[in-house]
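A short write-up of the structure that comes next.
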Amino acid sequence: MKKTIVLGVTGGIAAFKAAQLTSNLIKKGYDVEVIMTKNATEFITPLTFESLTRHNVMIDTFEKVADRSVKHISIAKRADAFILVPATANVIAKIVHGLADDMLTTTFLAAKCKKVICPAMNTNMYENPITQQNLQLCRQYGYHVIEPDSGYLACGDTGQGKLADLHTIEQYIDSLFQDHALLKGKRVLVTAGPTQEALDPVRFISNHSSGKMGYSIAQAAYDMGAEVTLISGPVNLSSIDGVTMIHVTSAKEMMEAVKQEYATQDFIIKAAAVSDYRAETISQEKRKKQADTIQLTFVKNEDILAYLGQHKKPSQVLCGFAMETNHVVTFAKEKMKRKQCDILIANNLRQEGAGFQHDTNVVTMLYEDVEETLPLMKKYTLGQEILKKMVYLQEKKKG
Ligand code: CTP
């Protein structure tokens with residue numbers, strides 16, 4: 001049976017992109033019902049959507065015939081997913097506070113289906129702590145937020161606030177229906193972020209890892225129905241609702257947490273950028289500035305992934321990462337063998353769109369004898385791809 005997508009279009013310049021999205025979703029076989037805010041009709045006409053969807057576009061709750069007054073309830077009941085494209089700062093603020101003063105917000109409040117918010121707005125509005133807090137509330141209510149991209153905005157500014165690309169939005173909608181319960185009953189352990197190795201009470205050595213890759217995998221695993229534990233080094237990301245969070249600082253602490261958790265897991269994904277070395281001694285007091293050059297001795301941290309490779313159970317699937325700057329696949333293959341991973345995700349720090357602080361990644365997946373190079377994609381989408389591959393590998397292991 002056709003899935004019904006309710007597409008809420010609000011009044012931002014990106015509203016015109018909702019027409020292309022509508023057309024793409026219809027080609028994919030979805031039934032699309034469009035609800036617009038009054039402001040949205042200033043940017044694009046309802047007729048465009050009516051022609052594409054062959055349904056009336058709903059704008060005002062009470063404006064038309066008698067049955068319109070309950071239309072929002074019947075549409076809300078029929079919706080398999082409700083997606084806001086673009087979602088303005090104003091509408092985001094309204095939905096998280098339960099305001100229902102037009103057809104769109106009323107139906108949104110009445111709908112119990114999966115909800116996806118695709119913000120698009122000026123960078124300053126997006127970065128405003130009020131908007132950020134509202135988006136955080138969206139996540140807490142279980143709505144999925146597809147982060148806007150960075151780029152040149154209609155207002156002339158450059159920054160984050162550009163509607164996520166339509167391909168990403170479509171892929172996410174597809175995944176709502178395909179991958180929904182793929183990991184039901186599975187336990188997934190993810191490590192994310194950097195570790196910090198103290199030198200004294202004031203200083204540490206660390207790396208540029210943002211934690212975004214690991215957090216995206218944990219979110220994807222949760223959305224696919226898994227019971228997820230995320231062991232995180234120090235990052236600037238919010239905890240994920242529904243995921244068991246364990247916060248650690250050093251590689252040693254991460255190792256201890258992993259040892260506590262790994263035995264009962266189906267999938268273990270080591271996305272963390274673990275420091276290879278720590279200071280041999282941590283000064284109890286602040287080290288004072290003295291000679292022009294100083295020497296510190298570092299000792300090797302235990303390799304957590306290698307430990308897991310040695311101790312994993314036959315049905316567990318282990319995923320490692322390798323970030324390289326040269327000979328990417330050669331180094332990655334060697335790492336995969338040495339650490340006994342079932343799957344290894346190799347990325348090149350020098351490749352555009354890959355690496356630490358980005359929301360996207362470009363990787364080569366190594367598993368069995370396969371070397372699969374994936375196109376540039378959002379870390380969340382990549383997370384889904386990795387997890388799907390791990391399901392496949394576990395099924396093969398179990399025969
Ligand atoms: N890793 C780990 N414990 C460590 C170091 C690395 O678990 N002490 C894991 C990482 O989480 C990642 C993989 O090993 O999944 C590869 O990390 P990387 O730093 O690329 O590998 P190294 O073995 O440290 O190799 P090198 O630094 O020489 O490239």
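How things are named: the first chain in the structure tokens is A, the next is B, and so on; residues count from 1 in each chain; ligands count from 1 in the order shown.
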
Please identify the residues whose atoms come within 7 Å of ligand 1, using only C-alpha atoms and all ligand atoms, and report them as a ChimeraX atom specification. /A:251,270-276,301-306,320-324,335

Region 88-308 of chain A: residues DSSP assigns to strand (DSSP E), reported as a PyMOL selection string: chain A and resi 114-119+144-145+149-152+158-162+187-192+197-198+204-205+227-232+244-247+267-270+277-279+298-300

Taking the DSSP secondary structure from the backbone, can you list the residues of region 32-86 of chain A that are alpha helix (DSSP H), as an mmCIF file with C-alpha atoms, in the first residue's frame?
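selection32.cif, freshly written:
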data_model
loop_
_atom_site.group_PDB
_atom_site.id
_atom_site.type_symbol
_atom_site.label_atom_id
_atom_site.label_comp_id
_atom_site.auth_asym_id
_atom_site.auth_seq_id
_atom_site.Cartn_x
_atom_site.Cartn_y
_atom_site.Cartn_z
ATOM 1 C CA ALA A 40 4.349 29.845 2.148
ATOM 2 C CA THR A 41 1.782 30.796 -0.495
ATOM 3 C CA GLU A 42 3.670 34.077 -0.948
ATOM 4 C CA PHE A 43 6.677 32.074 -2.143
ATOM 5 C CA PRO A 46 -0.777 26.032 -4.075
ATOM 6 C CA LEU A 47 -1.607 25.259 -7.705
ATOM 7 C CA THR A 48 1.934 23.967 -8.246
ATOM 8 C CA PHE A 49 1.471 21.382 -5.504
ATOM 9 C CA GLU A 50 -2.114 20.606 -6.530
ATOM 10 C CA SER A 51 -0.930 19.832 -10.062
ATOM 11 C CA LEU A 52 1.839 17.602 -8.779
ATOM 12 C CA THR A 53 -0.121 15.748 -6.083
ATOM 13 C CA ARG A 68 -12.641 20.890 6.377
ATOM 14 C CA SER A 69 -13.052 21.475 10.092
ATOM 15 C CA VAL A 70 -12.098 17.857 10.769
ATOM 16 C CA LYS A 71 -9.816 17.422 7.787
ATOM 17 C CA HIS A 72 -6.756 18.004 9.927
ATOM 18 C CA ILE A 73 -7.689 14.982 12.052
ATOM 19 C CA SER A 74 -8.298 12.638 9.120
ATOM 20 C CA ILE A 75 -5.073 13.707 7.389
ATOM 21 C CA ALA A 76 -3.160 13.369 10.653
ATOM 22 C CA LYS A 77 -4.511 9.820 11.063
ATOM 23 C CA ARG A 78 -3.660 8.842 7.496
#

May I have the residues within 9 Å of Leu199 (chain A) as a list in words, using only C-alpha atoms and disregarding those fewer than 6 positions away in the same chain? Ile205, Arg278, Ala279, Glu280, Thr281, Ile282, Ser283, Gln284, Lys286 and Arg287 of chain A

So that I can see what lies close to Ile13 (chain A), please list as a ChimeraX atom specification the residues with an atom at most 12 Å from it, counting only C-alpha atoms and leaving out residues fewer than 5 positions away in the same chain. /A:18,39-44,85-88,119-122,153-155,161-163

Just all heavy atoms for this one: save the residues we selected as a short mmCIF file (atom, residue, chain, number, x, y, z; two decimals), in the first residue's frame.
data_model
loop_
_atom_site.label_atom_id
_atom_site.label_comp_id
_atom_site.auth_asym_id
_atom_site.auth_seq_id
_atom_site.Cartn_x
_atom_site.Cartn_y
_atom_site.Cartn_z
N ALA A 18 10.41 22.59 -2.23
CA ALA A 18 9.43 21.59 -1.79
C ALA A 18 8.67 21.03 -2.99
O ALA A 18 8.17 19.91 -2.95
CB ALA A 18 8.48 22.20 -0.77
N ASN A 39 1.96 32.15 4.74
CA ASN A 39 3.20 32.78 4.27
C ASN A 39 3.84 32.00 3.14
O ASN A 39 4.43 32.58 2.23
CB ASN A 39 4.21 32.93 5.42
CG ASN A 39 3.81 34.04 6.37
OD1 ASN A 39 2.99 34.89 6.01
ND2 ASN A 39 4.37 34.04 7.57
N ALA A 40 3.73 30.67 3.20
CA ALA A 40 4.35 29.84 2.15
C ALA A 40 3.75 30.16 0.79
O ALA A 40 4.43 30.12 -0.24
CB ALA A 40 4.18 28.36 2.48
N THR A 41 2.44 30.53 0.79
CA THR A 41 1.78 30.80 -0.49
C THR A 41 2.29 32.09 -1.14
O THR A 41 2.02 32.35 -2.30
CB THR A 41 0.24 30.87 -0.33
OG1 THR A 41 -0.07 31.99 0.50
CG2 THR A 41 -0.32 29.61 0.27
N GLU A 42 3.04 32.88 -0.37
CA GLU A 42 3.67 34.08 -0.95
C GLU A 42 4.89 33.68 -1.77
O GLU A 42 5.35 34.41 -2.64
CB GLU A 42 4.13 35.04 0.17
CG GLU A 42 3.04 35.52 1.10
CD GLU A 42 2.15 36.57 0.45
OE1 GLU A 42 2.61 37.26 -0.48
OE2 GLU A 42 0.97 36.67 0.87
N PHE A 43 5.46 32.51 -1.47
CA PHE A 43 6.68 32.07 -2.14
C PHE A 43 6.40 31.15 -3.32
O PHE A 43 7.15 31.09 -4.27
CB PHE A 43 7.61 31.36 -1.16
CG PHE A 43 8.23 32.27 -0.15
CD1 PHE A 43 7.61 32.52 1.06
CD2 PHE A 43 9.44 32.91 -0.43
CE1 PHE A 43 8.17 33.38 1.99
CE2 PHE A 43 10.01 33.76 0.50
CZ PHE A 43 9.38 34.01 1.72
N ILE A 44 5.33 30.36 -3.21
CA ILE A 44 5.02 29.39 -4.26
C ILE A 44 3.51 29.15 -4.22
O ILE A 44 2.90 29.16 -3.14
CB ILE A 44 5.84 28.08 -4.07
CG1 ILE A 44 5.57 27.10 -5.19
CG2 ILE A 44 5.61 27.43 -2.71
CD1 ILE A 44 6.61 25.98 -5.28
N VAL A 85 9.18 20.97 5.16
CA VAL A 85 10.20 21.40 4.20
C VAL A 85 9.75 22.66 3.49
O VAL A 85 8.79 22.58 2.72
CB VAL A 85 10.47 20.31 3.13
CG1 VAL A 85 11.56 20.77 2.18
CG2 VAL A 85 10.84 18.99 3.75
N PRO A 86 10.34 23.80 3.66
CA PRO A 86 11.34 24.07 4.68
C PRO A 86 10.64 24.35 6.01
O PRO A 86 9.48 24.77 6.01
CB PRO A 86 12.01 25.35 4.15
CG PRO A 86 10.90 26.04 3.39
CD PRO A 86 10.02 24.96 2.83
N ALA A 87 11.35 24.15 7.10
CA ALA A 87 10.80 24.53 8.41
C ALA A 87 11.44 25.85 8.82
O ALA A 87 12.66 25.92 8.99
CB ALA A 87 11.10 23.44 9.44
N THR A 88 10.63 26.88 8.94
CA THR A 88 11.16 28.19 9.36
C THR A 88 11.35 28.19 10.88
O THR A 88 10.78 27.37 11.60
CB THR A 88 10.17 29.32 9.01
OG1 THR A 88 8.92 28.99 9.62
CG2 THR A 88 9.99 29.47 7.52
N PRO A 119 15.03 22.27 8.68
CA PRO A 119 15.11 23.72 8.85
C PRO A 119 15.82 24.39 7.66
O PRO A 119 16.72 23.80 7.06
CB PRO A 119 15.98 23.89 10.12
CG PRO A 119 16.11 22.54 10.72
CD PRO A 119 15.87 21.55 9.64
N ALA A 120 15.39 25.60 7.36
CA ALA A 120 16.09 26.42 6.36
C ALA A 120 15.83 27.87 6.74
O ALA A 120 14.67 28.28 6.88
CB ALA A 120 15.57 26.14 4.96
N MET A 121 16.89 28.59 6.96
CA MET A 121 16.73 29.99 7.38
C MET A 121 18.08 30.70 7.33
O MET A 121 19.11 30.06 7.07
CB MET A 121 16.15 30.05 8.81
CG MET A 121 17.03 29.44 9.86
SD MET A 121 16.19 29.12 11.42
CE MET A 121 15.25 27.65 11.08
N ASN A 122 18.06 31.97 7.63
CA ASN A 122 19.28 32.76 7.73
C ASN A 122 20.18 32.19 8.84
O ASN A 122 19.68 31.71 9.86
CB ASN A 122 18.85 34.21 8.03
CG ASN A 122 19.98 35.04 8.57
OD1 ASN A 122 20.19 35.10 9.78
ND2 ASN A 122 20.72 35.66 7.69
N LEU A 153 23.50 31.81 1.10
CA LEU A 153 22.06 31.87 1.38
C LEU A 153 21.39 32.98 0.59
O LEU A 153 22.05 33.93 0.16
CB LEU A 153 21.83 32.09 2.88
CG LEU A 153 22.49 31.06 3.81
CD1 LEU A 153 22.35 31.46 5.27
CD2 LEU A 153 21.86 29.69 3.59
N ALA A 154 20.07 32.86 0.43
CA ALA A 154 19.33 33.83 -0.38
C ALA A 154 19.50 35.25 0.15
O ALA A 154 19.47 36.21 -0.63
CB ALA A 154 17.86 33.45 -0.39
N CYS A 155 19.71 35.40 1.45
CA CYS A 155 19.83 36.74 2.03
C CYS A 155 21.19 37.36 1.75
O CYS A 155 21.45 38.50 2.13
CB CYS A 155 19.59 36.66 3.54
SG CYS A 155 20.64 35.44 4.32
N GLY A 161 22.35 27.03 7.15
CA GLY A 161 20.96 27.47 7.09
C GLY A 161 20.29 27.09 5.79
O GLY A 161 19.09 27.27 5.61
N LYS A 162 21.09 26.56 4.87
CA LYS A 162 20.57 26.16 3.56
C LYS A 162 19.85 24.82 3.70
O LYS A 162 20.39 23.90 4.33
CB LYS A 162 21.81 25.93 2.68
CG LYS A 162 21.69 26.22 1.24
CD LYS A 162 23.14 26.15 0.70
CE LYS A 162 23.22 25.34 -0.55
NZ LYS A 162 22.82 26.02 -1.73
N LEU A 163 18.66 24.72 3.14
CA LEU A 163 17.92 23.46 3.24
C LEU A 163 18.81 22.29 2.83
O LEU A 163 19.53 22.37 1.83
CB LEU A 163 16.70 23.53 2.29
CG LEU A 163 15.77 22.31 2.31
CD1 LEU A 163 14.99 22.25 3.61
CD2 LEU A 163 14.83 22.32 1.11
#

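Nearest residue to Phe356 (chain A), choosing from A:Ser210, A:Gln140, A:Thr293, A:Gln265 and counting only C-alpha atoms: A:Ser210.
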